[in-house]
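Note sheet for the following structure.
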Amino acid sequence: MAKFEGYKDIYVFVEQRNGEIANVGYELISEARKLVASIPQMGFQVVGVLLGHNVTDKANDVIAHGADKVIVADHELLEGYSTQFYADTLTQIIETYKPDSFLTGATVLGRDLAPRVAARLNAGLTADATKIEIDQEKVADGEALLLVTRPTFGGNLFGTIVCPDTRPQMATIRPNVFSMDPVDTTRTGEVVAFTPDFKDTDAKVVVKEVIAKVVEGIDITKCDILVGAGRGAEDCLDMVEAVAEELGGAMCASRAVVDDGFASKDIQVGQTGKTVRPSLYIACGISGACQHVAGMEKSDMIIAINRDPQAEIFSIANMGFIGDVKEILPLLKEEIIAA
Ligand code: FAD
């Protein structure tokens with residue numbers, strides 16, 4: 001008999017707010033597809049879990065993004081995010097369907113919800129992960145053991161965490177770490193309605209008002225071209241920003257530039273900033289510290305400009321220029337525009 005009889009499939013929490021699904025849900029579904037494809041002998045499916053009110057019609061979008069099945073809990077108490085009602089519902093869904101693993105975006109909502117559900121289920125949770133694999137050696141024993149990697153010790157080390165004794169194996173994963181597969185509207189899948197059984201419908205916490213944060217400027221996680229300014233570009237930030245705009249992108253920054261007071265935290269890239277994966281990332285005067293690299297290494301093309309030939313950034317760059325940002329960036333811009 002398999003060690004975890006009855007547990008199967010990879011479930012993904014599909015986060016939505018006001019009916020708008022966060023990309024991280026689709027990123028995790030795309031990654032879950034790769035994981036199930038790596039263990040065809042297990043016959044696993046990818047299952048999306050959607051909670052909210054008047055959200056059932058969104059299930060087809062989730063299927064078009066790669067889910068084989070979507071479990072939808074559509075209930076008026078799930079209208080806005082409530083830790084209490086969302087945790088109640090998710091716990092019941094997991095107890096009913098017994099997922100082998102359960103993935104959630106490491107968003108503000110996901111970081112609040114997933115640990116509570118894990119604690120209720122006595123399940124193992126790896127928080128804030130950046131990589132997931134399946135231990136192929138265990139598959140022969142009928143086990144799909146997740147190897148979940150996350151930065152630790154201030155980003156100086158990466159730890160791989162396993163939950164060998166409990167199911168589901170839970171993890172929260174940072175947004176933008178995985179790419180999203182193209183949408184396929186011809187895909188078909190099963191939509192299952194789940195009715196939560198709330199023992200207590202009195203909300204312990206009532207959200208009276210939601211004040212949306214006004215993001216100043218451009219959302220760097222959505223940009224296709226980013227020009228990153230490091231401390232080595234602090235004396236020419238206007239030029240870096242102008243080049244970014246001319247290339248149709250935006251400027252982002254290392255933490256050094258933010259800490260020095262030259263840029264807003266909204267545009268910081270890295271472990272304690274945002275994770276980005278543009279088509280082109282031009283790193284200007286950035287040393288390449290692991291905490292910065294953790295936020296941009298998945299970019300399709302990385303071009304680095306640094307006057308120090310030994311700078312770490314060159315080890316992950318597809319193309320590097322040794323010299324002064326002020327001299328090289330304008331020339332590089334002309335080359336890119338001409339290309
Ligand atoms: P520096 O390390 O000062 O490097 C400047 C570089 O510019 C050097 O390589 C230099 O050779 C080059 N240079 C100087 N002048 C020029 C010039 N004129 N032309 C060309 N090159 C030039 N950092 C982040 O970025 N994001 C994070 O999210 C983040 N999180 C962190 C979390 C923790 C817990 C810790 C401990 C650190 C974190 N850091 C983060 C900080 C990180 O360790 C580095 O200190 C930071 O990334 C350095 O920024 P920098 O490369 O811009 O500056």
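Order determines the names: the first chain of the structure tokens is A, the second B, and so forth; residues in each chain are numbered 1 upward, and ligands are numbered 1 upward as they are shown.
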Check your understanding: Could you list, as number ranges by chain, all the residues within 9 Å of ligand 1, counting only C-alpha atoms and all ligand atoms?
Key -> A: 152-156, 228-236, 253-258, 268-275, 284-295, 305-313, 321-328
Please identify every residue of range 154-230 of chain A that has at least one atom no farther than 8 Å from an atom of range 26-46 of chain A, counting only C-alpha atoms, and for each give the shortest atom pair and the distance in Å to one decimal, arranged by chain then increasing number, as JSON lines.
```
{"residue": "A:Pro175", "atom": "CA", "partner": "A:Glu27", "partner_atom": "CA", "distance": 7.7}
{"residue": "A:Asn176", "atom": "CA", "partner": "A:Glu27", "partner_atom": "CA", "distance": 7.4}
{"residue": "A:Val177", "atom": "CA", "partner": "A:Glu27", "partner_atom": "CA", "distance": 8.0}
{"residue": "A:Phe178", "atom": "CA", "partner": "A:Glu27", "partner_atom": "CA", "distance": 5.5}
{"residue": "A:Ser179", "atom": "CA", "partner": "A:Glu27", "partner_atom": "CA", "distance": 5.6}
{"residue": "A:Met180", "atom": "CA", "partner": "A:Glu27", "partner_atom": "CA", "distance": 4.6}
{"residue": "A:Asp181", "atom": "CA", "partner": "A:Ser30", "partner_atom": "CA", "distance": 5.6}
```
Exercise for review: Using backbone DSSP assignments, extract all helix (DSSP H, G or I) residues from range 156-333 of chain A; output them as a PyMOL selection string.
Suggested key: chain A and resi 220-222+231-246+255-259+265-267+290-293+312-315+325-333
Practice item. May I have the residues within 9 Å of range 242-248 of chain A as a ChimeraX atom specification, using only C-alpha atoms and disregarding those fewer than 2 positions away in the same chain? Key: /A:223-228,237-240,250-251,329-330,333,336-337
Could you take the residues named above and write them with N, CA, C and O atoms, as a short mmCIF file (atom, residue, chain, number, x, y, z; two decimals), in the first residue's frame?
```cif
data_model
loop_
_atom_site.label_atom_id
_atom_site.label_comp_id
_atom_site.auth_asym_id
_atom_site.auth_seq_id
_atom_site.Cartn_x
_atom_site.Cartn_y
_atom_site.Cartn_z
N CYS A 223 6.80 45.02 -16.43
CA CYS A 223 7.57 45.62 -17.54
C CYS A 223 8.36 44.57 -18.31
O CYS A 223 8.92 43.65 -17.73
N ASP A 224 8.41 44.78 -19.62
CA ASP A 224 9.14 43.85 -20.49
C ASP A 224 10.62 44.24 -20.60
O ASP A 224 11.47 43.42 -20.91
N ILE A 225 10.89 45.52 -20.36
CA ILE A 225 12.29 45.99 -20.38
C ILE A 225 12.54 46.76 -19.09
O ILE A 225 11.77 47.66 -18.73
N LEU A 226 13.61 46.39 -18.38
CA LEU A 226 13.96 47.10 -17.15
C LEU A 226 15.42 47.51 -17.21
O LEU A 226 16.28 46.73 -17.64
N VAL A 227 15.69 48.72 -16.78
CA VAL A 227 17.06 49.18 -16.64
C VAL A 227 17.29 49.36 -15.15
O VAL A 227 16.68 50.22 -14.51
N GLY A 228 18.15 48.51 -14.60
CA GLY A 228 18.38 48.51 -13.16
C GLY A 228 19.51 49.45 -12.79
O GLY A 228 20.60 49.36 -13.35
N LEU A 237 21.20 58.92 -12.41
CA LEU A 237 19.89 58.26 -12.40
C LEU A 237 18.93 58.87 -13.42
O LEU A 237 18.12 58.14 -14.01
N ASP A 238 19.03 60.19 -13.64
CA ASP A 238 18.13 60.80 -14.64
C ASP A 238 18.37 60.20 -16.01
O ASP A 238 17.44 59.92 -16.77
N MET A 239 19.66 59.99 -16.32
CA MET A 239 19.99 59.42 -17.61
C MET A 239 19.49 57.97 -17.71
O MET A 239 18.91 57.57 -18.72
N VAL A 240 19.68 57.20 -16.63
CA VAL A 240 19.23 55.80 -16.64
C VAL A 240 17.71 55.75 -16.84
O VAL A 240 17.19 54.96 -17.64
N ALA A 250 11.15 50.65 -17.99
CA ALA A 250 11.16 51.46 -16.77
C ALA A 250 12.45 51.22 -16.02
O ALA A 250 13.15 50.23 -16.24
N MET A 251 12.74 52.16 -15.12
CA MET A 251 13.93 52.00 -14.27
C MET A 251 13.54 51.25 -13.00
O MET A 251 12.47 51.45 -12.44
N LEU A 329 26.06 53.20 -21.33
CA LEU A 329 24.60 53.06 -21.47
C LEU A 329 24.04 53.82 -22.69
O LEU A 329 23.23 53.26 -23.44
N PRO A 330 24.46 55.08 -22.94
CA PRO A 330 23.91 55.77 -24.13
C PRO A 330 24.26 55.04 -25.44
O PRO A 330 23.43 54.95 -26.34
N LYS A 333 22.12 51.95 -25.72
CA LYS A 333 20.74 52.32 -26.10
C LYS A 333 20.63 52.49 -27.61
O LYS A 333 19.73 51.95 -28.24
N ILE A 336 20.62 49.16 -29.29
CA ILE A 336 19.37 48.41 -29.11
C ILE A 336 18.28 49.00 -30.00
O ILE A 336 17.53 48.27 -30.66
N ILE A 337 18.21 50.33 -30.06
CA ILE A 337 17.16 50.97 -30.87
C ILE A 337 17.40 50.66 -32.36
O ILE A 337 16.46 50.40 -33.10
#
```
Review point. When you draw a straight line from CA of Asp184 in chain A to CA of His65 in chain A, how long is it in Å?
Key: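 Computed distance, CA of Asp184 in chain A to CA of His65 in chain A, equals 6.5 Å.
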Point to revise | Gap from CA of Val139 in chain A to CA of Thr126 in chain A - Å, one decimal | key: 20.6 Å
**Study point:** Selection: 8 Å around Val117 in chain A, only C-alpha atoms, excl. self and same-chain fewer than 3 positions, as JSON, numbers by chain
**Key:** {"A": [87, 88, 90, 91, 113, 114, 120, 121]}
Review point. What is the CA of Leu125 in chain A to CA of Val108 in chain A distance in Å?
Key: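 It comes out at 16.0 Å.
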Point to revise | Residue nearest Val49 in chain A - candidates A:Val12, A:Leu146, A:Val210, A:Ile132, atoms counted: only C-alpha atoms | key: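 That would be A:Val12, the residue with the smallest distance to Val49 in chain A.
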Check your understanding: In terms of the shortest atom-to-atom distance over only C-alpha atoms, which of A:Glu95, A:Asp68, A:Glu137, A:Asp112 is closest to Ile10 in chain A?
Key ->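 Going through A:Glu95, A:Asp68, A:Glu137, A:Asp112 one by one, the smallest distance to Ile10 in chain A is for A:Asp68.
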Review point. Pick the closest to Glu5 in chain A from A:Ile134, A:Asp57, A:Gly66, A:Gly142: which is it, counting only C-alpha atoms?
Key: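 Ranked by minimum distance to Glu5 in chain A, first place goes to A:Gly142.
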Would you list the contacts of Val207 in chain A as an mmCIF file with N, CA and C atoms, in the first residue's frame, taking every protein, DNA or RNA residue within 9 Å and counting only C-alpha atoms, but skipping same-chain residues closer than 6 positions in sequence?
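result.cif written:
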```cif
data_model
loop_
_atom_site.group_PDB
_atom_site.id
_atom_site.type_symbol
_atom_site.label_atom_id
_atom_site.label_comp_id
_atom_site.auth_asym_id
_atom_site.auth_seq_id
_atom_site.Cartn_x
_atom_site.Cartn_y
_atom_site.Cartn_z
ATOM 1 N N GLY A 80 -15.103 39.232 0.037
ATOM 2 C CA GLY A 80 -13.776 39.839 0.176
ATOM 3 C C GLY A 80 -12.917 38.869 0.962
ATOM 4 N N TYR A 81 -11.622 39.110 1.027
ATOM 5 C CA TYR A 81 -10.773 38.160 1.752
ATOM 6 C C TYR A 81 -11.031 38.236 3.245
ATOM 7 N N SER A 82 -11.283 37.078 3.825
ATOM 8 C CA SER A 82 -11.441 36.970 5.270
ATOM 9 C C SER A 82 -10.613 35.763 5.703
#
```
Check your understanding: What's the 9 Å shell around Ala203 in chain A, counting only C-alpha atoms, without same-chain residues fewer than 6 positions away, as a list in words?
Key -> Leu77, Ser82, Gln84 and Phe85 of chain A
Got time to write the residues from that selection, all heavy atoms, as a PDB file, in the first residue's frame?
```pdb
ATOM      1  N   LEU A  77     -20.038  34.843   1.915  1.00  0.00           N
ATOM      2  CA  LEU A  77     -19.078  35.124   2.992  1.00  0.00           C
ATOM      3  C   LEU A  77     -17.632  35.149   2.475  1.00  0.00           C
ATOM      4  O   LEU A  77     -16.709  35.488   3.204  1.00  0.00           O
ATOM      5  CB  LEU A  77     -19.210  34.095   4.118  1.00  0.00           C
ATOM      6  CG  LEU A  77     -20.464  34.209   4.983  1.00  0.00           C
ATOM      7  CD1 LEU A  77     -20.506  33.106   6.037  1.00  0.00           C
ATOM      8  CD2 LEU A  77     -20.532  35.574   5.670  1.00  0.00           C
ATOM      9  N   SER A  82     -11.283  37.078   3.825  1.00  0.00           N
ATOM     10  CA  SER A  82     -11.441  36.970   5.270  1.00  0.00           C
ATOM     11  C   SER A  82     -10.613  35.763   5.703  1.00  0.00           C
ATOM     12  O   SER A  82     -10.824  34.653   5.209  1.00  0.00           O
ATOM     13  CB  SER A  82     -12.920  36.742   5.604  1.00  0.00           C
ATOM     14  OG  SER A  82     -13.061  35.828   6.669  1.00  0.00           O
ATOM     15  N   GLN A  84     -10.700  34.113   8.368  1.00  0.00           N
ATOM     16  CA  GLN A  84     -11.537  33.099   9.014  1.00  0.00           C
ATOM     17  C   GLN A  84     -12.290  32.250   7.979  1.00  0.00           C
ATOM     18  O   GLN A  84     -12.171  31.012   7.968  1.00  0.00           O
ATOM     19  CB  GLN A  84     -12.529  33.845   9.907  1.00  0.00           C
ATOM     20  CG  GLN A  84     -13.534  32.991  10.619  1.00  0.00           C
ATOM     21  CD  GLN A  84     -14.584  33.887  11.319  1.00  0.00           C
ATOM     22  OE1 GLN A  84     -14.385  35.103  11.469  1.00  0.00           O
ATOM     23  NE2 GLN A  84     -15.665  33.298  11.737  1.00  0.00           N
ATOM     24  N   PHE A  85     -13.028  32.892   7.083  1.00  0.00           N
ATOM     25  CA  PHE A  85     -13.868  32.126   6.168  1.00  0.00           C
ATOM     26  C   PHE A  85     -13.042  31.438   5.065  1.00  0.00           C
ATOM     27  O   PHE A  85     -13.374  30.342   4.617  1.00  0.00           O
ATOM     28  CB  PHE A  85     -14.958  33.028   5.566  1.00  0.00           C
ATOM     29  CG  PHE A  85     -15.886  33.589   6.616  1.00  0.00           C
ATOM     30  CD1 PHE A  85     -16.206  34.938   6.647  1.00  0.00           C
ATOM     31  CD2 PHE A  85     -16.419  32.759   7.591  1.00  0.00           C
ATOM     32  CE1 PHE A  85     -17.047  35.449   7.623  1.00  0.00           C
ATOM     33  CE2 PHE A  85     -17.269  33.258   8.580  1.00  0.00           C
ATOM     34  CZ  PHE A  85     -17.574  34.604   8.601  1.00  0.00           C
TER      35      PHE A  85
END
```
Point to revise | Who sits within 8 Å of Val62 in chain A, only C-alpha atoms, same chain under 5 positions skipped, as a list in words | key: Val14, Tyr26, Gly48, Ala67 and Val70 of chain A
Could you turn the residues from that selection into a file that holds C-alpha atoms, as a CSV table (one decimal), in the first residue's frame?
```
chain,number,residue,atom,x,y,z
A,14,VAL,CA,-6.0,30.7,-7.5
A,26,TYR,CA,-1.5,31.0,-13.3
A,48,GLY,CA,-7.1,25.0,-9.3
A,67,ALA,CA,-5.8,23.4,-14.8
A,70,VAL,CA,-11.2,23.7,-10.8
```
Review point. Hey, which of A:Leu331, A:Met296, A:Ile173, A:Ile161 ends up closest to Arg277 in chain A? Count only C-alpha atoms.
Key: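 Selected residue with least distance to Arg277 in chain A: A:Met296.
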Check your understanding: Hey, what does DSSP flag as strand (DSSP E) within range 38-80 of chain A? Can you give it to me as a VMD selection string?
Key -> chain A and resid 46 to 52 69 to 74
**Study point:** Minimum-distance residue to Ile63 in chain A, chosen among A:Thr186, A:Lys131, A:Glu334, A:Ile316 (using only C-alpha atoms)
**Key:**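 Selected residue with least distance to Ile63 in chain A: A:Thr186.
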